[in-house]
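Text of model_9.pdb, listed as PDB, C-alpha atoms, pLDDT in the B column:
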```pdb
ATOM      1  CA  MET J   1     172.634  17.337 -12.714  1.00 46.00           C
ATOM      2  CA  THR J   2     172.229  19.809 -15.465  1.00 51.00           C
ATOM      3  CA  GLY J   3     171.307  23.033 -13.679  1.00 53.00           C
ATOM      4  CA  ASN J   4     170.566  26.254 -15.512  1.00 53.00           C
ATOM      5  CA  GLY J   5     172.040  29.710 -15.976  1.00 52.00           C
ATOM      6  CA  TRP J   6     175.690  29.666 -14.905  1.00 53.00           C
ATOM      7  CA  GLU J   7     175.342  26.337 -13.111  1.00 60.00           C
ATOM      8  CA  ARG J   8     176.856  22.994 -14.041  1.00 62.00           C
ATOM      9  CA  THR J   9     176.447  22.239 -17.752  1.00 69.00           C
ATOM     10  CA  SER J  10     174.995  25.559 -18.850  1.00 76.00           C
ATOM     11  CA  PRO J  11     176.186  26.545 -22.342  1.00 81.00           C
ATOM     12  CA  TYR J  12     176.863  30.025 -20.914  1.00 81.00           C
ATOM     13  CA  ARG J  13     179.224  28.605 -18.323  1.00 80.00           C
ATOM     14  CA  TRP J  14     181.059  26.455 -20.861  1.00 83.00           C
ATOM     15  CA  ALA J  15     181.400  29.424 -23.218  1.00 87.00           C
ATOM     16  CA  ARG J  16     182.815  31.587 -20.417  1.00 85.00           C
ATOM     17  CA  GLU J  17     185.232  28.861 -19.351  1.00 85.00           C
ATOM     18  CA  TRP J  18     186.359  28.356 -22.938  1.00 90.00           C
ATOM     19  CA  LEU J  19     186.978  32.101 -23.292  1.00 92.00           C
ATOM     20  CA  ALA J  20     188.958  32.143 -20.039  1.00 88.00           C
ATOM     21  CA  ALA J  21     191.027  29.107 -21.053  1.00 88.00           C
ATOM     22  CA  SER J  22     191.784  30.507 -24.506  1.00 90.00           C
ATOM     23  CA  GLY J  23     192.614  34.057 -23.382  1.00 87.00           C
ATOM     24  CA  GLY J  24     189.436  35.677 -24.647  1.00 92.00           C
ATOM     25  CA  ALA J  25     188.352  36.628 -21.125  1.00 92.00           C
ATOM     26  CA  VAL J  26     190.147  37.177 -17.822  1.00 91.00           C
ATOM     27  CA  CYS J  27     189.057  37.449 -14.225  1.00 88.00           C
ATOM     28  CA  GLY J  28     189.086  41.181 -13.630  1.00 87.00           C
ATOM     29  CA  GLU J  29     187.805  41.154 -10.068  1.00 88.00           C
ATOM     30  CA  ARG J  30     186.012  39.040  -7.533  1.00 85.00           C
ATOM     31  CA  ASP J  31     182.664  39.784  -6.015  1.00 82.00           C
ATOM     32  CA  ARG J  32     183.041  37.715  -2.836  1.00 81.00           C
ATOM     33  CA  TRP J  33     183.136  34.140  -4.160  1.00 80.00           C
ATOM     34  CA  GLU J  34     182.100  34.994  -7.705  1.00 82.00           C
ATOM     35  CA  ARG J  35     184.606  35.779 -10.456  1.00 82.00           C
ATOM     36  CA  VAL J  36     183.794  38.777 -12.640  1.00 86.00           C
ATOM     37  CA  TYR J  37     185.205  38.337 -16.146  1.00 88.00           C
ATOM     38  CA  SER J  38     186.110  40.978 -18.678  1.00 91.00           C
ATOM     39  CA  ARG J  39     187.973  41.372 -21.962  1.00 93.00           C
ATOM     40  CA  PRO J  40     191.766  41.181 -21.468  1.00 93.00           C
ATOM     41  CA  GLU J  41     192.387  44.648 -22.930  1.00 94.00           C
ATOM     42  CA  LEU J  42     190.166  46.175 -20.239  1.00 94.00           C
ATOM     43  CA  VAL J  43     191.990  44.489 -17.354  1.00 92.00           C
ATOM     44  CA  ILE J  44     195.605  43.787 -18.321  1.00 92.00           C
ATOM     45  CA  PRO J  45     197.836  46.875 -18.800  1.00 93.00           C
ATOM     46  CA  ALA J  46     199.104  47.425 -22.365  1.00 94.00           C
ATOM     47  CA  GLY J  47     202.745  47.113 -21.274  1.00 94.00           C
ATOM     48  CA  ILE J  48     202.157  43.606 -19.976  1.00 90.00           C
ATOM     49  CA  ARG J  49     200.094  42.585 -23.001  1.00 89.00           C
ATOM     50  CA  ALA J  50     202.930  43.775 -25.283  1.00 92.00           C
ATOM     51  CA  VAL J  51     205.478  41.347 -23.795  1.00 89.00           C
ATOM     52  CA  LYS J  52     205.996  38.408 -26.133  1.00 89.00           C
ATOM     53  CA  LEU J  53     207.533  35.242 -24.671  1.00 88.00           C
ATOM     54  CA  ASP J  54     207.810  31.816 -26.220  1.00 93.00           C
ATOM     55  CA  ASP J  55     206.463  28.785 -24.354  1.00 92.00           C
ATOM     56  CA  ASP J  56     209.856  27.840 -22.874  1.00 93.00           C
ATOM     57  CA  GLU J  57     210.404  31.363 -21.522  1.00 94.00           C
ATOM     58  CA  CYS J  58     206.930  31.311 -19.988  1.00 93.00           C
ATOM     59  CA  VAL J  59     207.577  27.993 -18.238  1.00 95.00           C
ATOM     60  CA  ARG J  60     210.937  29.233 -16.912  1.00 95.00           C
ATOM     61  CA  GLU J  61     209.314  32.398 -15.539  1.00 95.00           C
ATOM     62  CA  LEU J  62     206.510  30.421 -13.884  1.00 95.00           C
ATOM     63  CA  CYS J  63     209.114  28.093 -12.324  1.00 97.00           C
ATOM     64  CA  ARG J  64     211.087  31.104 -11.021  1.00 95.00           C
ATOM     65  CA  ARG J  65     207.946  32.518  -9.445  1.00 96.00           C
ATOM     66  CA  ALA J  66     206.898  29.197  -7.927  1.00 97.00           C
ATOM     67  CA  VAL J  67     210.309  28.538  -6.344  1.00 96.00           C
ATOM     68  CA  ALA J  68     210.434  32.117  -5.042  1.00 94.00           C
ATOM     69  CA  ALA J  69     206.982  31.733  -3.482  1.00 94.00           C
ATOM     70  CA  LEU J  70     207.623  28.288  -2.015  1.00 94.00           C
ATOM     71  CA  GLY J  71     211.201  28.873  -0.853  1.00 92.00           C
ATOM     72  CA  VAL J  72     212.100  25.213  -1.085  1.00 93.00           C
ATOM     73  CA  ALA J  73     210.183  22.701  -3.175  1.00 95.00           C
ATOM     74  CA  THR J  74     210.413  19.465  -5.082  1.00 96.00           C
ATOM     75  CA  THR J  75     209.941  19.390  -8.840  1.00 96.00           C
ATOM     76  CA  GLY J  76     206.422  18.063  -8.323  1.00 96.00           C
ATOM     77  CA  GLU J  77     205.544  20.901  -5.962  1.00 97.00           C
ATOM     78  CA  VAL J  78     206.881  23.499  -8.395  1.00 97.00           C
ATOM     79  CA  ALA J  79     204.833  21.876 -11.181  1.00 97.00           C
ATOM     80  CA  ASP J  80     201.711  21.814  -9.034  1.00 96.00           C
ATOM     81  CA  TYR J  81     202.012  25.509  -8.130  1.00 96.00           C
ATOM     82  CA  PHE J  82     200.871  26.540 -11.614  1.00 94.00           C
ATOM     83  CA  ARG J  83     199.463  23.149 -12.686  1.00 94.00           C
ATOM     84  CA  ILE J  84     202.190  22.436 -15.235  1.00 94.00           C
ATOM     85  CA  ARG J  85     203.270  18.903 -16.156  1.00 94.00           C
ATOM     86  CA  PRO J  86     206.248  17.808 -13.998  1.00 94.00           C
ATOM     87  CA  ALA J  87     208.258  16.671 -17.056  1.00 93.00           C
ATOM     88  CA  VAL J  88     208.031  20.187 -18.539  1.00 94.00           C
ATOM     89  CA  VAL J  89     208.992  21.789 -15.229  1.00 95.00           C
ATOM     90  CA  ALA J  90     211.959  19.443 -14.690  1.00 93.00           C
ATOM     91  CA  GLY J  91     213.550  20.585 -17.928  1.00 90.00           C
ATOM     92  CA  ALA J  92     213.025  24.257 -17.107  1.00 93.00           C
ATOM     93  CA  LEU J  93     214.323  23.973 -13.530  1.00 94.00           C
ATOM     94  CA  ASP J  94     217.571  22.362 -14.633  1.00 89.00           C
ATOM     95  CA  GLY J  95     218.524  25.476 -16.573  1.00 88.00           C
ATOM     96  CA  LEU J  96     217.588  28.105 -13.975  1.00 92.00           C
ATOM     97  CA  GLY J  97     220.590  27.664 -11.686  1.00 90.00           C
ATOM     98  CA  PHE J  98     218.694  27.095  -8.448  1.00 93.00           C
ATOM     99  CA  ALA J  99     220.624  25.314  -5.722  1.00 91.00           C
ATOM    100  CA  ARG J 100     219.467  21.788  -4.991  1.00 92.00           C
ATOM    101  CA  THR J 101     219.191  20.583  -1.430  1.00 90.00           C
ATOM    102  CA  GLN J 102     218.177  17.582   0.597  1.00 90.00           C
ATOM    103  CA  VAL J 103     215.440  18.146   3.147  1.00 88.00           C
ATOM    104  CA  ARG J 104     215.341  15.719   6.044  1.00 87.00           C
ATOM    105  CA  GLY J 105     212.314  13.465   5.702  1.00 91.00           C
ATOM    106  CA  TRP J 106     211.755  14.239   1.997  1.00 92.00           C
ATOM    107  CA  ARG J 107     212.361  11.528  -0.572  1.00 94.00           C
ATOM    108  CA  GLU J 108     213.152  13.879  -3.441  1.00 94.00           C
ATOM    109  CA  ILE J 109     215.886  16.452  -3.815  1.00 92.00           C
ATOM    110  CA  ALA J 110     214.425  19.955  -3.514  1.00 94.00           C
ATOM    111  CA  TRP J 111     215.059  23.241  -5.307  1.00 95.00           C
ATOM    112  CA  LEU J 112     216.104  26.143  -3.087  1.00 92.00           C
ATOM    113  CA  SER J 113     215.124  29.747  -3.766  1.00 91.00           C
ATOM    114  CA  PRO J 114     218.048  32.192  -3.702  1.00 88.00           C
ATOM    115  CA  ASP J 115     216.087  34.180  -1.089  1.00 85.00           C
ATOM    116  CA  ALA J 116     215.480  31.166   1.171  1.00 80.00           C
ATOM    117  CA  ASP J 117     217.473  30.822   4.381  1.00 74.00           C
ATOM    118  CA  PRO J 118     218.574  27.183   4.617  1.00 67.00           C
ATOM    119  CA  GLY J 119     219.611  27.763   8.220  1.00 70.00           C
ATOM    120  CA  VAL J 120     216.056  28.292   9.425  1.00 67.00           C
ATOM    121  CA  ARG J 121     214.818  25.410  11.534  1.00 68.00           C
ATOM    122  CA  VAL J 122     211.123  24.666  11.865  1.00 62.00           C
ATOM    123  CA  ASP J 123     209.610  22.829  14.787  1.00 64.00           C
ATOM    124  CA  GLU J 124     207.934  19.869  13.043  1.00 62.00           C
ATOM    125  CA  ASP J 125     205.125  19.861  15.618  1.00 62.00           C
ATOM    126  CA  ARG J 126     204.076  23.350  14.485  1.00 61.00           C
ATOM    127  CA  VAL J 127     203.913  22.673  10.744  1.00 55.00           C
ATOM    128  CA  THR J 128     200.516  22.059   9.191  1.00 52.00           C
ATOM    129  CA  ALA J 129     199.707  20.532   5.841  1.00 50.00           C
TER     130      ALA J 129
END
```
Target format structure tokens, applied to this file:
Amino acid sequence: MTGNGWERTSPYRWAREWLAASGGAVCGERDRWERVYSRPELVIPAGIRAVKLDDDECVRELCRRAVAALGVATTGEVADYFRIRPAVVAGALDGLGFARTQVRGWREIAWLSPDADPGVRVDEDRVTA
């Protein structure tokens, strides 16, 4: 299907997606299900735009945020949180000082957020995927 306007293979859609992927446009708001894009300088505060991090620092910060949000997670789950390659995440996680833990029923060792409470027990019948 080719579609027209913003649908499917429209050159307008591909241009917008390229701008979003390359930093030339950002999602400034949502109108229900539709993203409304704008220039970064109109949406992102100057103080945030002024911060300069190298790629390794960015990956470490994304890993910190993912582990904090997930509480406990495998390397693959941390990588999937921001869609980063697991090999890149593994290297970053090793240097962040998170505790590693074994979760019953999980094959992989997991990373534990400093804010997580490892004493919390969850009724397995109440957990959804």
Mind running segment 32-102 of chain J against segment 15-19 of chain J at 12 Å and telling me each contacting residue's nearest atom pair with the distance in Å (one decimal), counting all atoms listed in the file, chain and number ascending, as a Markdown table?
```
| residue | atom | partner | partner_atom | distance |
| --- | --- | --- | --- | --- |
| J:Arg35 | CA | J:Arg16 | CA | 11.0 |
| J:Val36 | CA | J:Arg16 | CA | 10.6 |
| J:Tyr37 | CA | J:Arg16 | CA | 8.3 |
| J:Ser38 | CA | J:Leu19 | CA | 10.0 |
| J:Arg39 | CA | J:Leu19 | CA | 9.4 |
| J:Pro40 | CA | J:Leu19 | CA | 10.4 |
```
I want to know what sits within 12 Å of Ala68 of chain J, based on all atoms listed in the file, with residues of the same chain fewer than 6 positions away left out; could you give that as an mmCIF file with C-alpha atoms, in the coordinates of the input?
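Dumped everything to out-v4.cif:
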```cif
data_model
loop_
_atom_site.group_PDB
_atom_site.id
_atom_site.type_symbol
_atom_site.label_atom_id
_atom_site.label_comp_id
_atom_site.auth_asym_id
_atom_site.auth_seq_id
_atom_site.Cartn_x
_atom_site.Cartn_y
_atom_site.Cartn_z
ATOM 1 C CA GLU J 61 209.314 32.398 -15.539
ATOM 2 C CA LEU J 62 206.510 30.421 -13.884
ATOM 3 C CA VAL J 78 206.881 23.499 -8.395
ATOM 4 C CA TYR J 81 202.012 25.509 -8.130
ATOM 5 C CA PHE J 98 218.694 27.095 -8.448
ATOM 6 C CA TRP J 111 215.059 23.241 -5.307
ATOM 7 C CA LEU J 112 216.104 26.143 -3.087
ATOM 8 C CA SER J 113 215.124 29.747 -3.766
ATOM 9 C CA PRO J 114 218.048 32.192 -3.702
ATOM 10 C CA ASP J 115 216.087 34.180 -1.089
ATOM 11 C CA ALA J 116 215.480 31.166 1.171
ATOM 12 C CA ASP J 117 217.473 30.822 4.381
#
```
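Compared by their closest atoms to Gly24 of chain J, and using all atoms listed in the file, the residues J:Ile109, J:Ala90, J:Ser10, J:Val43 rank with J:Val43 nearest.
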Radius query 12 Å about (206.6, 18.4, -12.1), atoms used: all atoms listed in the file, as a ChimeraX atom specification: /J:59,63,66,73-94,108,110-111
Can you spit out the residues from that selection as a PDB file, keeping the file's coordinate frame, using C-alpha atoms?
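selection-v1.pdb, freshly written:
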```pdb
ATOM      1  CA  VAL J  59     207.577  27.993 -18.238  1.00 95.00           C
ATOM      2  CA  CYS J  63     209.114  28.093 -12.324  1.00 97.00           C
ATOM      3  CA  ALA J  66     206.898  29.197  -7.927  1.00 97.00           C
ATOM      4  CA  ALA J  73     210.183  22.701  -3.175  1.00 95.00           C
ATOM      5  CA  THR J  74     210.413  19.465  -5.082  1.00 96.00           C
ATOM      6  CA  THR J  75     209.941  19.390  -8.840  1.00 96.00           C
ATOM      7  CA  GLY J  76     206.422  18.063  -8.323  1.00 96.00           C
ATOM      8  CA  GLU J  77     205.544  20.901  -5.962  1.00 97.00           C
ATOM      9  CA  VAL J  78     206.881  23.499  -8.395  1.00 97.00           C
ATOM     10  CA  ALA J  79     204.833  21.876 -11.181  1.00 97.00           C
ATOM     11  CA  ASP J  80     201.711  21.814  -9.034  1.00 96.00           C
ATOM     12  CA  TYR J  81     202.012  25.509  -8.130  1.00 96.00           C
ATOM     13  CA  PHE J  82     200.871  26.540 -11.614  1.00 94.00           C
ATOM     14  CA  ARG J  83     199.463  23.149 -12.686  1.00 94.00           C
ATOM     15  CA  ILE J  84     202.190  22.436 -15.235  1.00 94.00           C
ATOM     16  CA  ARG J  85     203.270  18.903 -16.156  1.00 94.00           C
ATOM     17  CA  PRO J  86     206.248  17.808 -13.998  1.00 94.00           C
ATOM     18  CA  ALA J  87     208.258  16.671 -17.056  1.00 93.00           C
ATOM     19  CA  VAL J  88     208.031  20.187 -18.539  1.00 94.00           C
ATOM     20  CA  VAL J  89     208.992  21.789 -15.229  1.00 95.00           C
ATOM     21  CA  ALA J  90     211.959  19.443 -14.690  1.00 93.00           C
ATOM     22  CA  GLY J  91     213.550  20.585 -17.928  1.00 90.00           C
ATOM     23  CA  ALA J  92     213.025  24.257 -17.107  1.00 93.00           C
ATOM     24  CA  LEU J  93     214.323  23.973 -13.530  1.00 94.00           C
ATOM     25  CA  ASP J  94     217.571  22.362 -14.633  1.00 89.00           C
ATOM     26  CA  GLU J 108     213.152  13.879  -3.441  1.00 94.00           C
ATOM     27  CA  ALA J 110     214.425  19.955  -3.514  1.00 94.00           C
ATOM     28  CA  TRP J 111     215.059  23.241  -5.307  1.00 95.00           C
TER      29      TRP J 111
END
```
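Atom pair atom CA of Gly71 of chain J / atom CA of Leu53 of chain J has a distance of 24.9 Å (rounded to one decimal).
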Nearest residue to Glu29 of chain J from the set J:Trp106, J:Ala50, J:Ile44, J:Val72 (distances using all atoms listed in the file): J:Ile44
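The space between atom CA of Gly105 of chain J and atom CA of Arg60 of chain J spans 27.6 Å.
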